[in-house]
$ cat model11.csv   # CSV, C-alpha atoms and all ligand atoms
chain,number,residue,atom,x,y,z
Z,20,MET,CA,0.0,0.0,0.0
Z,21,THR,CA,1.3,3.4,-0.9
Z,22,LYS,CA,0.1,6.3,1.2
Z,23,ILE,CA,-1.0,9.3,-0.7
Z,24,THR,CA,-0.7,12.8,0.7
Z,25,LYS,CA,-2.9,15.9,0.4
Z,26,ARG,CA,-2.0,18.6,-2.1
Z,27,LYS,CA,-0.1,21.4,-0.6
Z,28,LEU,CA,-1.8,24.8,-0.4
Z,29,TYR,CA,1.1,26.2,-2.4
Z,30,ASP,CA,4.7,25.1,-3.1
Z,31,ILE,CA,7.3,27.5,-4.5
Z,32,THR,CA,9.6,24.7,-5.5
Z,33,ALA,CA,7.0,22.8,-7.7
Z,34,PRO,CA,5.9,23.5,-11.3
Z,35,ASN,CA,2.4,25.0,-12.1
Z,36,ARG,CA,2.0,22.1,-14.5
Z,37,SER,CA,1.8,19.1,-12.1
Z,38,THR,CA,3.9,16.0,-12.2
Z,39,GLY,CA,1.2,13.5,-11.3
Z,40,ILE,CA,-2.4,12.6,-10.3
Z,41,VAL,CA,-1.5,11.6,-6.8
Z,42,ASN,CA,1.8,12.2,-4.9
Z,43,GLY,CA,2.9,14.5,-7.6
Z,44,LYS,CA,4.4,17.9,-7.4
Z,45,SER,CA,2.2,20.9,-8.0
Z,46,SER,CA,2.7,24.6,-7.1
Z,47,ASN,CA,-1.2,24.5,-6.9
Z,48,VAL,CA,-1.4,27.6,-9.2
Z,49,LEU,CA,-3.9,27.0,-11.9
Z,50,ASN,CA,-3.2,28.2,-15.4
Z,51,TRP,CA,-5.6,26.5,-17.8
Z,52,ASP,CA,-3.1,27.2,-20.6
Z,53,ASP,CA,-0.4,25.2,-18.9
Z,54,VAL,CA,-1.9,22.0,-17.5
Z,55,ALA,CA,-0.6,18.4,-17.5
Z,56,TYR,CA,-3.7,16.8,-19.0
Z,57,ALA,CA,-4.9,17.9,-22.4
Z,58,TRP,CA,-8.5,16.8,-21.8
Z,59,ALA,CA,-8.9,18.9,-18.6
Z,60,TYR,CA,-9.8,22.2,-20.1
Z,61,PRO,CA,-12.4,20.8,-22.6
Z,62,THR,CA,-13.9,19.0,-19.6
Z,63,TYR,CA,-14.0,22.2,-17.7
Z,64,LYS,CA,-15.8,24.0,-20.6
Z,65,ASN,CA,-18.3,21.1,-20.8
Z,66,MET,CA,-19.1,21.3,-17.2
Z,67,LEU,CA,-19.7,25.0,-17.3
Z,68,ALA,CA,-21.9,24.7,-20.3
Z,69,ASN,CA,-24.1,22.3,-18.4
Z,70,PHE,CA,-24.8,24.8,-15.6
Z,71,TRP,CA,-28.4,24.8,-14.4
Z,72,ILE,CA,-30.3,25.4,-11.2
Z,73,PRO,CA,-33.5,23.7,-10.1
Z,74,GLU,CA,-35.6,26.9,-9.7
Z,75,GLU,CA,-35.5,27.4,-13.5
Z,76,ILE,CA,-37.7,24.4,-13.9
Z,77,ASN,CA,-41.3,25.2,-13.7
Z,78,MET,CA,-43.1,22.6,-11.6
Z,79,SER,CA,-46.7,23.9,-12.0
Z,80,HIS,CA,-47.8,21.2,-14.5
Z,81,ASP,CA,-46.2,18.4,-12.4
Z,82,ILE,CA,-47.9,19.7,-9.3
Z,83,LYS,CA,-51.3,19.3,-11.0
Z,84,GLN,CA,-50.4,15.9,-12.4
Z,85,TRP,CA,-49.1,14.4,-9.2
Z,86,GLN,CA,-52.6,14.0,-7.8
Z,87,THR,CA,-53.6,11.9,-10.8
Z,88,LEU,CA,-50.7,9.4,-10.6
Z,89,SER,CA,-51.3,5.8,-9.5
Z,90,GLU,CA,-50.1,4.5,-6.1
Z,91,ASP,CA,-47.5,2.4,-7.9
Z,92,GLU,CA,-46.2,5.5,-9.7
Z,93,LYS,CA,-46.0,7.5,-6.6
Z,94,PHE,CA,-44.3,4.7,-4.7
Z,95,ALA,CA,-41.6,4.3,-7.4
Z,96,PHE,CA,-41.2,8.1,-7.7
Z,97,LYS,CA,-40.7,8.6,-4.0
Z,98,ARG,CA,-38.4,5.6,-3.5
Z,99,ILE,CA,-36.2,6.6,-6.4
Z,100,ILE,CA,-35.9,10.2,-5.2
Z,101,GLY,CA,-35.0,8.9,-1.8
Z,102,LEU,CA,-32.2,6.8,-3.3
Z,103,LEU,CA,-30.9,9.6,-5.5
Z,104,ALA,CA,-30.9,12.0,-2.5
Z,105,PHE,CA,-28.7,9.6,-0.6
Z,106,LEU,CA,-26.3,8.9,-3.5
Z,107,ASP,CA,-25.8,12.6,-4.4
Z,108,SER,CA,-25.3,13.5,-0.7
Z,109,ILE,CA,-22.4,11.1,-0.1
Z,110,GLN,CA,-21.1,11.9,-3.6
Z,111,SER,CA,-20.7,15.6,-2.7
Z,112,ASP,CA,-18.5,14.6,0.3
Z,113,PHE,CA,-16.6,11.9,-1.5
Z,114,SER,CA,-15.7,14.1,-4.5
Z,115,HIS,CA,-14.6,16.8,-2.1
Z,116,GLN,CA,-12.2,14.4,-0.4
Z,117,VAL,CA,-10.9,13.2,-3.8
Z,118,ALA,CA,-10.3,16.9,-4.7
Z,119,GLU,CA,-8.0,17.3,-1.7
Z,120,TYR,CA,-5.7,14.4,-2.7
Z,121,LEU,CA,-5.3,15.2,-6.4
Z,122,THR,CA,-1.9,16.7,-6.8
Z,123,ASP,CA,-2.9,18.5,-10.0
Z,124,SER,CA,-4.6,21.9,-9.7
Z,125,SER,CA,-6.7,21.5,-12.9
Z,126,LEU,CA,-8.1,18.1,-11.9
Z,127,SER,CA,-8.8,19.3,-8.4
Z,128,ALA,CA,-10.6,22.3,-9.9
Z,129,LEU,CA,-12.7,19.9,-12.0
Z,130,MET,CA,-13.5,17.8,-8.9
Z,131,THR,CA,-14.6,21.0,-7.1
Z,132,ILE,CA,-17.1,21.7,-9.9
Z,133,LEU,CA,-18.2,18.1,-9.8
Z,134,ALA,CA,-18.8,18.4,-6.0
Z,135,PHE,CA,-20.7,21.6,-6.5
Z,136,GLN,CA,-22.9,20.0,-9.1
Z,137,GLU,CA,-23.8,17.2,-6.7
Z,138,VAL,CA,-25.0,19.8,-4.3
Z,139,VAL,CA,-27.3,21.2,-7.0
Z,140,HIS,CA,-28.6,17.7,-7.7
Z,141,ASN,CA,-29.4,17.3,-4.0
Z,142,GLN,CA,-31.2,20.7,-4.0
Z,143,SER,CA,-33.2,19.5,-6.9
Z,144,TYR,CA,-34.7,16.6,-5.0
Z,145,SER,CA,-35.8,19.0,-2.2
Z,146,TYR,CA,-37.1,21.3,-4.8
Z,147,VAL,CA,-39.2,18.6,-6.5
Z,148,LEU,CA,-40.5,17.1,-3.3
Z,149,SER,CA,-41.4,20.4,-1.7
Z,150,SER,CA,-43.5,21.1,-4.7
Z,151,LEU,CA,-45.3,17.8,-4.6
Z,152,VAL,CA,-45.7,16.5,-1.0
Z,153,PRO,CA,-46.2,18.0,2.4
Z,154,LYS,CA,-43.1,18.8,4.4
Z,155,LYS,CA,-43.5,15.9,6.7
Z,156,GLU,CA,-43.6,13.4,3.8
Z,157,GLN,CA,-40.6,15.1,2.2
Z,158,GLU,CA,-38.6,14.5,5.5
Z,159,GLU,CA,-39.7,10.9,5.5
Z,160,ILE,CA,-38.5,10.4,1.9
Z,161,PHE,CA,-35.1,11.7,3.0
Z,162,GLU,CA,-35.1,9.1,5.7
Z,163,TYR,CA,-35.9,6.1,3.5
Z,164,TRP,CA,-32.2,5.2,3.1
Z,165,LYS,CA,-31.9,4.5,6.8
Z,166,HIS,CA,-34.9,2.1,7.1
Z,167,ASP,CA,-35.7,0.6,3.7
Z,168,GLU,CA,-33.8,-2.8,3.7
Z,169,ILE,CA,-33.4,-3.1,-0.1
Z,170,LEU,CA,-32.3,0.5,-0.4
Z,171,ARG,CA,-29.8,0.0,2.5
Z,172,GLU,CA,-28.3,-3.1,1.0
Z,173,ARG,CA,-27.4,-1.4,-2.2
Z,174,ASN,CA,-26.3,1.8,-0.6
Z,175,GLU,CA,-24.0,0.0,1.8
Z,176,PHE,CA,-22.2,-1.7,-1.0
Z,177,ILE,CA,-21.2,1.7,-2.4
Z,178,ALA,CA,-20.7,3.4,1.0
Z,179,LYS,CA,-18.3,0.6,2.2
Z,180,GLY,CA,-16.2,1.1,-1.0
Z,181,TYR,CA,-16.0,4.8,-0.4
Z,182,GLU,CA,-15.4,4.3,3.3
Z,183,GLU,CA,-12.2,2.4,2.5
Z,184,PHE,CA,-10.8,5.4,0.8
Z,185,ALA,CA,-12.2,7.8,3.4
Z,186,GLN,CA,-10.4,6.0,6.2
Z,187,HIS,CA,-7.2,5.0,4.5
Z,188,LYS,CA,-5.8,7.3,1.8
Z,189,THR,CA,-3.6,5.0,-0.4
Z,190,SER,CA,-3.1,4.7,-4.1
Z,191,GLU,CA,-4.9,1.4,-4.0
Z,192,THR,CA,-8.0,2.6,-2.1
Z,193,PHE,CA,-8.0,5.6,-4.4
Z,194,ARG,CA,-7.9,3.4,-7.5
Z,195,ASN,CA,-10.7,1.1,-6.1
Z,196,ALA,CA,-12.8,4.1,-5.1
Z,197,ILE,CA,-12.9,5.2,-8.7
Z,198,VAL,CA,-14.4,1.9,-9.6
Z,199,TYR,CA,-17.1,2.5,-6.9
Z,200,ASP,CA,-17.5,6.0,-8.2
Z,201,VAL,CA,-18.2,4.9,-11.7
Z,202,ILE,CA,-20.7,2.4,-10.3
Z,203,LEU,CA,-22.5,5.2,-8.3
Z,204,GLU,CA,-22.5,7.8,-11.0
Z,205,GLY,CA,-22.7,5.5,-14.0
Z,206,LEU,CA,-24.9,2.6,-13.0
Z,207,ASN,CA,-26.7,3.2,-9.7
Z,208,PHE,CA,-28.8,6.0,-11.1
Z,209,TYR,CA,-29.9,4.3,-14.2
Z,210,SER,CA,-33.0,2.3,-13.3
Z,211,GLY,CA,-34.2,5.5,-11.6
Z,212,PHE,CA,-33.5,7.4,-14.8
Z,213,ALA,CA,-35.4,4.8,-16.8
Z,214,PHE,CA,-38.4,5.2,-14.6
Z,215,PHE,CA,-38.6,9.0,-15.0
Z,216,TYR,CA,-37.9,8.8,-18.8
Z,217,ASN,CA,-40.7,6.3,-19.1
Z,218,MET,CA,-43.0,8.7,-17.3
Z,219,ALA,CA,-42.0,11.4,-19.7
Z,220,ARG,CA,-42.7,9.1,-22.6
Z,221,ASN,CA,-46.2,8.9,-21.3
Z,222,ASN,CA,-46.4,12.7,-20.9
Z,223,LYS,CA,-46.3,12.4,-17.1
Z,224,MET,CA,-44.2,14.6,-14.7
Z,225,LYS,CA,-42.2,16.1,-17.6
Z,226,ALA,CA,-40.7,18.9,-15.5
Z,227,THR,CA,-39.2,16.3,-13.1
Z,228,SER,CA,-37.9,14.2,-15.9
Z,229,ASP,CA,-36.3,17.4,-17.5
Z,230,MET,CA,-34.5,17.9,-14.2
Z,231,ILE,CA,-33.5,14.2,-14.2
Z,232,ASN,CA,-32.1,14.7,-17.7
Z,233,TYR,CA,-29.9,17.6,-16.5
Z,234,ILE,CA,-28.7,15.4,-13.7
Z,235,ASN,CA,-28.1,12.6,-16.1
Z,236,ARG,CA,-26.2,14.9,-18.4
Z,237,ASP,CA,-23.9,16.0,-15.5
Z,238,GLU,CA,-23.4,12.4,-14.4
Z,239,GLN,CA,-22.2,11.4,-17.9
Z,240,ILE,CA,-19.4,14.0,-17.7
Z,241,HIS,CA,-18.6,12.9,-14.1
Z,242,VAL,CA,-18.2,9.3,-15.3
Z,243,THR,CA,-16.0,10.4,-18.2
Z,244,LEU,CA,-13.9,12.5,-15.8
Z,245,PHE,CA,-13.4,9.7,-13.3
Z,246,ALA,CA,-12.7,7.3,-16.2
Z,247,GLN,CA,-9.9,9.6,-17.4
Z,248,ILE,CA,-8.4,10.0,-14.0
Z,249,TYR,CA,-8.5,6.2,-13.6
Z,250,LYS,CA,-6.7,5.6,-16.9
Z,251,GLU,CA,-4.1,8.3,-16.2
Z,252,LEU,CA,-3.5,6.9,-12.8
Z,253,LEU,CA,-2.9,3.4,-14.1
Z,254,ALA,CA,-0.6,4.8,-16.9
Z,255,GLU,CA,1.4,6.8,-14.3
Z,256,ARG,CA,1.5,3.9,-11.9
Z,257,PRO,CA,1.5,0.7,-13.8
Z,258,GLU,CA,2.0,-1.3,-10.6
Z,259,LEU,CA,-1.6,-0.5,-9.8
Z,260,ASN,CA,-2.9,-2.2,-12.9
Z,261,THR,CA,-2.7,-5.8,-11.7
Z,262,GLU,CA,-4.5,-8.8,-13.0
Z,263,GLU,CA,-6.0,-9.2,-9.5
Z,264,HIS,CA,-7.4,-5.6,-9.5
Z,265,ARG,CA,-8.9,-6.0,-12.9
Z,266,ARG,CA,-10.6,-9.3,-11.9
Z,267,TRP,CA,-11.9,-7.6,-8.7
Z,268,ALA,CA,-13.2,-4.6,-10.6
Z,269,THR,CA,-15.2,-6.6,-13.1
Z,270,GLU,CA,-16.6,-8.7,-10.3
Z,271,THR,CA,-17.5,-5.5,-8.4
Z,272,PHE,CA,-19.4,-4.3,-11.5
Z,273,ARG,CA,-21.2,-7.6,-11.6
Z,274,GLU,CA,-22.3,-7.5,-7.9
Z,275,ALA,CA,-23.3,-3.8,-8.3
Z,276,ALA,CA,-25.5,-4.7,-11.3
Z,277,GLU,CA,-27.1,-7.6,-9.4
Z,278,LEU,CA,-28.0,-5.2,-6.6
Z,279,GLU,CA,-29.3,-2.7,-9.1
Z,280,ILE,CA,-31.5,-5.4,-10.6
Z,281,LYS,CA,-32.8,-6.4,-7.2
Z,282,TRP,CA,-33.6,-2.8,-6.5
Z,283,SER,CA,-35.3,-2.3,-9.9
Z,284,ARG,CA,-37.5,-5.4,-9.2
Z,285,TYR,CA,-38.5,-3.8,-6.0
Z,286,VAL,CA,-39.3,-0.3,-7.1
Z,287,ILE,CA,-40.4,-0.9,-10.7
Z,288,GLY,CA,-40.9,-4.7,-11.2
Z,289,ASP,CA,-43.8,-5.6,-13.4
Z,290,ARG,CA,-46.1,-2.8,-12.2
Z,291,PHE,CA,-45.8,-0.7,-15.3
Z,292,ASP,CA,-47.2,-2.0,-18.6
Z,293,ASP,CA,-44.6,-0.3,-20.8
Z,294,ILE,CA,-41.4,-1.2,-18.8
Z,295,ASP,CA,-40.7,-4.9,-19.4
Z,296,PRO,CA,-38.9,-6.1,-16.3
Z,297,GLN,CA,-36.6,-8.4,-18.4
Z,298,ASP,CA,-35.7,-5.5,-20.7
Z,299,LEU,CA,-34.9,-3.3,-17.6
Z,300,GLU,CA,-32.6,-6.1,-16.2
Z,301,ASP,CA,-30.9,-6.5,-19.6
Z,302,TYR,CA,-30.5,-2.7,-19.7
Z,303,ILE,CA,-28.7,-2.7,-16.3
Z,304,LYS,CA,-26.4,-5.4,-17.5
Z,305,PHE,CA,-25.7,-3.5,-20.7
Z,306,ILE,CA,-24.9,-0.3,-18.7
Z,307,ALA,CA,-22.6,-2.3,-16.4
Z,308,ASN,CA,-20.8,-3.6,-19.5
Z,309,LYS,CA,-20.6,-0.1,-20.9
Z,310,ARG,CA,-19.0,1.3,-17.7
Z,311,SER,CA,-16.5,-1.5,-17.4
Z,312,LYS,CA,-15.5,-0.9,-21.0
Z,313,GLN,CA,-15.0,2.8,-20.2
Z,314,LEU,CA,-12.5,1.8,-17.6
Z,315,GLY,CA,-10.8,-0.6,-20.0
Z,316,LEU,CA,-12.0,-3.6,-18.0
Z,317,GLU,CA,-13.4,-7.0,-19.0
Z,318,LYS,CA,-17.2,-7.0,-19.3
Z,319,PRO,CA,-19.1,-8.6,-16.4
Z,320,PHE,CA,-21.9,-9.9,-18.6
Z,321,GLU,CA,-21.2,-11.8,-21.8
Z,322,GLY,CA,-23.5,-10.6,-24.6
Z,323,TYR,CA,-25.6,-7.6,-23.5
Z,324,ASP,CA,-23.8,-5.4,-26.0
Z,325,ARG,CA,-27.0,-3.6,-27.2
Z,326,ASN,CA,-29.3,-1.3,-25.3
Z,327,PRO,CA,-32.7,-3.2,-25.1
Z,328,LEU,CA,-34.5,0.0,-24.1
Z,329,LYS,CA,-34.3,1.7,-27.5
Z,330,TRP,CA,-36.7,4.5,-26.6
Z,331,ILE,CA,-34.5,5.7,-23.7
Z,332,THR,CA,-31.7,7.0,-26.0
Z,333,ILE,CA,-33.6,10.2,-26.9
Z,334,TYR,CA,-34.0,11.0,-23.2
Z,335,GLU,CA,-30.4,10.2,-22.3
Z,336,ASN,CA,-29.1,12.4,-25.1
Z,337,PRO,CA,-27.2,15.3,-23.5
Z,338,ASN,CA,-29.0,17.8,-25.9
Z,339,TYR,CA,-32.5,16.7,-24.9
Z,340,GLY,CA,-34.3,19.7,-23.4
Z,341,LYS,CA,-31.1,21.7,-23.5
Z,342,GLN,CA,-32.3,24.2,-26.1
Z,343,ASP,CA,-35.4,25.4,-24.3
Z,344,PHE,CA,-33.6,25.5,-21.0
Z,345,PHE,CA,-30.7,27.6,-22.2
Z,346,GLU,CA,-32.7,29.8,-24.5
Z,347,GLY,CA,-34.8,30.8,-21.5
Z,348,LYS,CA,-31.7,31.5,-19.4
Z,349,SER,CA,-29.3,33.3,-21.6
Z,350,ARG,CA,-31.1,36.6,-21.3
Z,351,GLN,CA,-30.9,36.5,-17.6
Z,352,TYR,CA,-27.2,36.0,-17.7
Z,353,ALA,CA,-26.7,38.8,-20.2
Z,354,LYS,CA,-28.5,41.0,-17.7
Z,355,ALA,CA,-26.4,39.9,-14.8
Z,356,PHE,CA,-23.2,40.6,-16.6
Z,357,ASP,CA,-24.4,44.1,-17.5
Z,358,ASN,CA,-24.3,45.0,-13.9
Z,359,GLY,CA,-20.6,45.0,-14.1
Z,360,PHE,CA,-18.1,44.3,-11.3
Z,361,ASP,CA,-17.9,47.7,-9.7
Z,362,GLU,CA,-21.5,48.1,-8.9
Z,363,LEU,CA,-22.4,47.3,-5.4
Z,401,ZN,ZN,-25.2,13.8,-9.0
Z,402,ZN,ZN,-22.0,13.0,-10.2
$ encode --input "model11.csv" --output "structure tokens"
Amino acid sequence: MTKITKRKLYDITAPNRSTGIVNGKSSNVLNWDDVAYAWAYPTYKNMLANFWIPEEINMSHDIKQWQTLSEDEKFAFKRIIGLLAFLDSIQSDFSHQVAEYLTDSSLSALMTILAFQEVVHNQSYSYVLSSLVPKKEQEEIFEYWKHDEILRERNEFIAKGYEEFAQHKTSETFRNAIVYDVILEGLNFYSGFAFFYNMARNNKMKATSDMINYINRDEQIHVTLFAQIYKELLAERPELNTEEHRRWATETFREAAELEIKWSRYVIGDRFDDIDPQDLEDYIKFIANKRSKQLGLEKPFEGYDRNPLKWITIYENPNYGKQDFFEGKSRQYAKAFDNGFDEL
């Protein structure tokens, strides 16, 4: 095990362009035109282009529609929001911890934006629930993760993985935590996303699913960012890229997918005519394969190379809903900038 140390606040003897992802040398000064990883600046621009805040989503139509939903729909809706609220909460803290140990100022800056976006995701769940249910019920939904057994089982799987890194900061726990991260951001959200997109497909709760789409769009960049860090880490420290680790990582994706399937049977199951439970399971396996591939790992599930939920691609598209959202917003920004910096 190689201990990793926190990035120094500043270091006169180190270059601005860092010498490594972890345990490298970095002055900690950030000059986007002089960074070690060519993909960092485009990632930064992408993250900024995605900027959104929940209040800009008009919930009035969803508020009216909520009363007309079936009990099954409300059950799935609330459980899934409860899950997402947990995941995004621990994700904010985890990414914050990762940021402290990256010895590259540009990657740590990206991680800070990522952490910020997780906070916005969390706010969005409060925003949606406060529009739809009484305050007491909202508080109960934020407690589901403590008491719901199936929710707990799947959350603990991730939380334990993160906890290893939180307690022991080593190259190995950092490497493994990235695998858990890609599971959290790239797999654990996906049956939830499928539920909301299916609602949208039936013209239900479209404001909420727009919001889910913005979250989905952010998460896609987060997964890409962590996958890049993982690859760079293994390239810089080939001793971390062992056969044993690779086998473990594929197996971990398999277990995570099994838990996701169990969860999807519980919250969605066969209760919705237009979500075939088998298709949803195959979709989860497909996503697990896709994420493993992004990390350069063996697939956990042989076959499952095609998305069985064809209809979902339109909703997962990062440009879905983007135009309306940004058109509505650009004027407000123009106005804010007009105020200038020297106006109090
Ligand atoms: Zn998130
Ligand atoms: Zn994320």
$ closest_residue --input "model11.csv" --among "Z:Tyr334, Z:Tyr323, Z:Phe184, Z:Phe135" --to "ligand ZN 401 (chain Z)" --atoms "all atoms listed in the file"
Z:Phe135
$ closest_residue --input "model11.csv" --among "Z:Ile76, Z:Val147, Z:Met20, Z:Leu203" --to "ligand ZN 402 (chain Z)" --atoms "all atoms listed in the file"
Z:Leu203
$ closest_residue --input "model11.csv" --among "Z:Glu162, Z:Ser210, Z:Val242, Z:Tyr249" --to "Glu191 in chain Z" --atoms "all atoms listed in the file"
Z:Tyr249
$ residues_near_ligand --input "model11.csv" --ligand "ligand ZN 401 (chain Z)" --cutoff "9 Å" --atoms "only C-alpha atoms and all ligand atoms" --output "tab-separated table (two decimals) with C-alpha atoms, in the coordinates of the input"
chain	number	residue	atom	x	y	z
Z	103	LEU	CA	-30.90	9.60	-5.50
Z	104	ALA	CA	-30.90	12.00	-2.50
Z	106	LEU	CA	-26.30	8.90	-3.50
Z	107	ASP	CA	-25.80	12.60	-4.40
Z	108	SER	CA	-25.30	13.50	-0.70
Z	110	GLN	CA	-21.10	11.90	-3.60
Z	111	SER	CA	-20.70	15.60	-2.70
Z	133	LEU	CA	-18.20	18.10	-9.80
Z	134	ALA	CA	-18.80	18.40	-6.00
Z	136	GLN	CA	-22.90	20.00	-9.10
Z	137	GLU	CA	-23.80	17.20	-6.70
Z	138	VAL	CA	-25.00	19.80	-4.30
Z	139	VAL	CA	-27.30	21.20	-7.00
Z	140	HIS	CA	-28.60	17.70	-7.70
Z	141	ASN	CA	-29.40	17.30	-4.00
Z	204	GLU	CA	-22.50	7.80	-11.00
Z	208	PHE	CA	-28.80	6.00	-11.10
Z	234	ILE	CA	-28.70	15.40	-13.70
Z	235	ASN	CA	-28.10	12.60	-16.10
Z	237	ASP	CA	-23.90	16.00	-15.50
Z	238	GLU	CA	-23.40	12.40	-14.40
Z	241	HIS	CA	-18.60	12.90	-14.10
$ atom_distance --input "model11.csv" --atom1 "CA of Gly211 in chain Z" --atom2 "CA of Val152 in chain Z"
19.1 Å
$ residues_around --input "model11.csv" --residues "Arg290 in chain Z" --least-positions-apart "5" --cutoff "10 Å" --atoms "all atoms listed in the file" --output "compact mmCIF listing (two decimals) with C-alpha atoms, in the frame of the given file"
# COMPACT_ATOMS: atom_id res chain seq x y z
CA ASP Z 91 -47.50 2.40 -7.90
CA GLU Z 92 -46.20 5.50 -9.70
CA ALA Z 95 -41.60 4.30 -7.40
CA ARG Z 284 -37.50 -5.40 -9.20
CA TYR Z 285 -38.50 -3.80 -6.00
CA ASP Z 295 -40.70 -4.90 -19.40
CA PRO Z 296 -38.90 -6.10 -16.30
$ closest_residue --input "model11.csv" --among "Z:Gln116, Z:Thr243, Z:Ser45, Z:Gln186" --to "ligand ZN 402 (chain Z)" --atoms "all atoms listed in the file"
Z:Thr243
$ residues_around --input "model11.csv" --residues "Thr271 in chain Z" --least-positions-apart "3" --cutoff "9 Å" --atoms "all atoms listed in the file" --output "MDAnalysis selection string"
chainID Z and resid 198:199 202 266:268 274:276 319
$ closest_residue --input "model11.csv" --among "Z:Leu316, Z:Ile294, Z:Ile72, Z:Ile100" --to "Lys250 in chain Z" --atoms "only C-alpha atoms"
Z:Leu316
$ residues_near_point --input "model11.csv" --point "(-5.4, 6.3, -1.2)" --cutoff "9 Å" --atoms "all atoms listed in the file" --output "ChimeraX atom specification"
/Z:20-24,41,120,183-196
$ build_atoms --input "model11.csv" --residues "range 107-119 of chain Z" --atoms "N, CA and C atoms" --output "compact mmCIF listing (two decimals), in the frame of the given file"
# COMPACT_ATOMS: atom_id res chain seq x y z
N ASP Z 107 -26.43 11.28 -4.08
CA ASP Z 107 -25.80 12.60 -4.40
C ASP Z 107 -25.27 13.24 -3.11
N SER Z 108 -25.86 12.93 -1.95
CA SER Z 108 -25.30 13.50 -0.70
C SER Z 108 -23.92 12.96 -0.43
N ILE Z 109 -23.77 11.63 -0.46
CA ILE Z 109 -22.40 11.10 -0.10
C ILE Z 109 -21.46 11.42 -1.27
N GLN Z 110 -21.99 11.58 -2.47
CA GLN Z 110 -21.10 11.90 -3.60
C GLN Z 110 -20.49 13.28 -3.45
N SER Z 111 -21.25 14.22 -2.90
CA SER Z 111 -20.70 15.60 -2.70
C SER Z 111 -19.47 15.47 -1.78
N ASP Z 112 -19.62 14.71 -0.71
CA ASP Z 112 -18.50 14.60 0.30
C ASP Z 112 -17.35 13.81 -0.30
N PHE Z 113 -17.67 12.72 -0.96
CA PHE Z 113 -16.60 11.90 -1.50
C PHE Z 113 -15.77 12.67 -2.53
N SER Z 114 -16.43 13.37 -3.44
CA SER Z 114 -15.70 14.10 -4.50
C SER Z 114 -14.86 15.23 -3.86
N HIS Z 115 -15.38 15.79 -2.79
CA HIS Z 115 -14.60 16.80 -2.10
C HIS Z 115 -13.34 16.22 -1.50
N GLN Z 116 -13.44 15.02 -0.95
CA GLN Z 116 -12.20 14.40 -0.40
C GLN Z 116 -11.25 14.01 -1.52
N VAL Z 117 -11.77 13.54 -2.64
CA VAL Z 117 -10.90 13.20 -3.80
C VAL Z 117 -10.14 14.48 -4.21
N ALA Z 118 -10.87 15.61 -4.27
CA ALA Z 118 -10.30 16.90 -4.70
C ALA Z 118 -9.03 17.22 -3.88
N GLU Z 119 -9.09 16.92 -2.59
CA GLU Z 119 -8.00 17.30 -1.70
C GLU Z 119 -6.71 16.49 -1.98
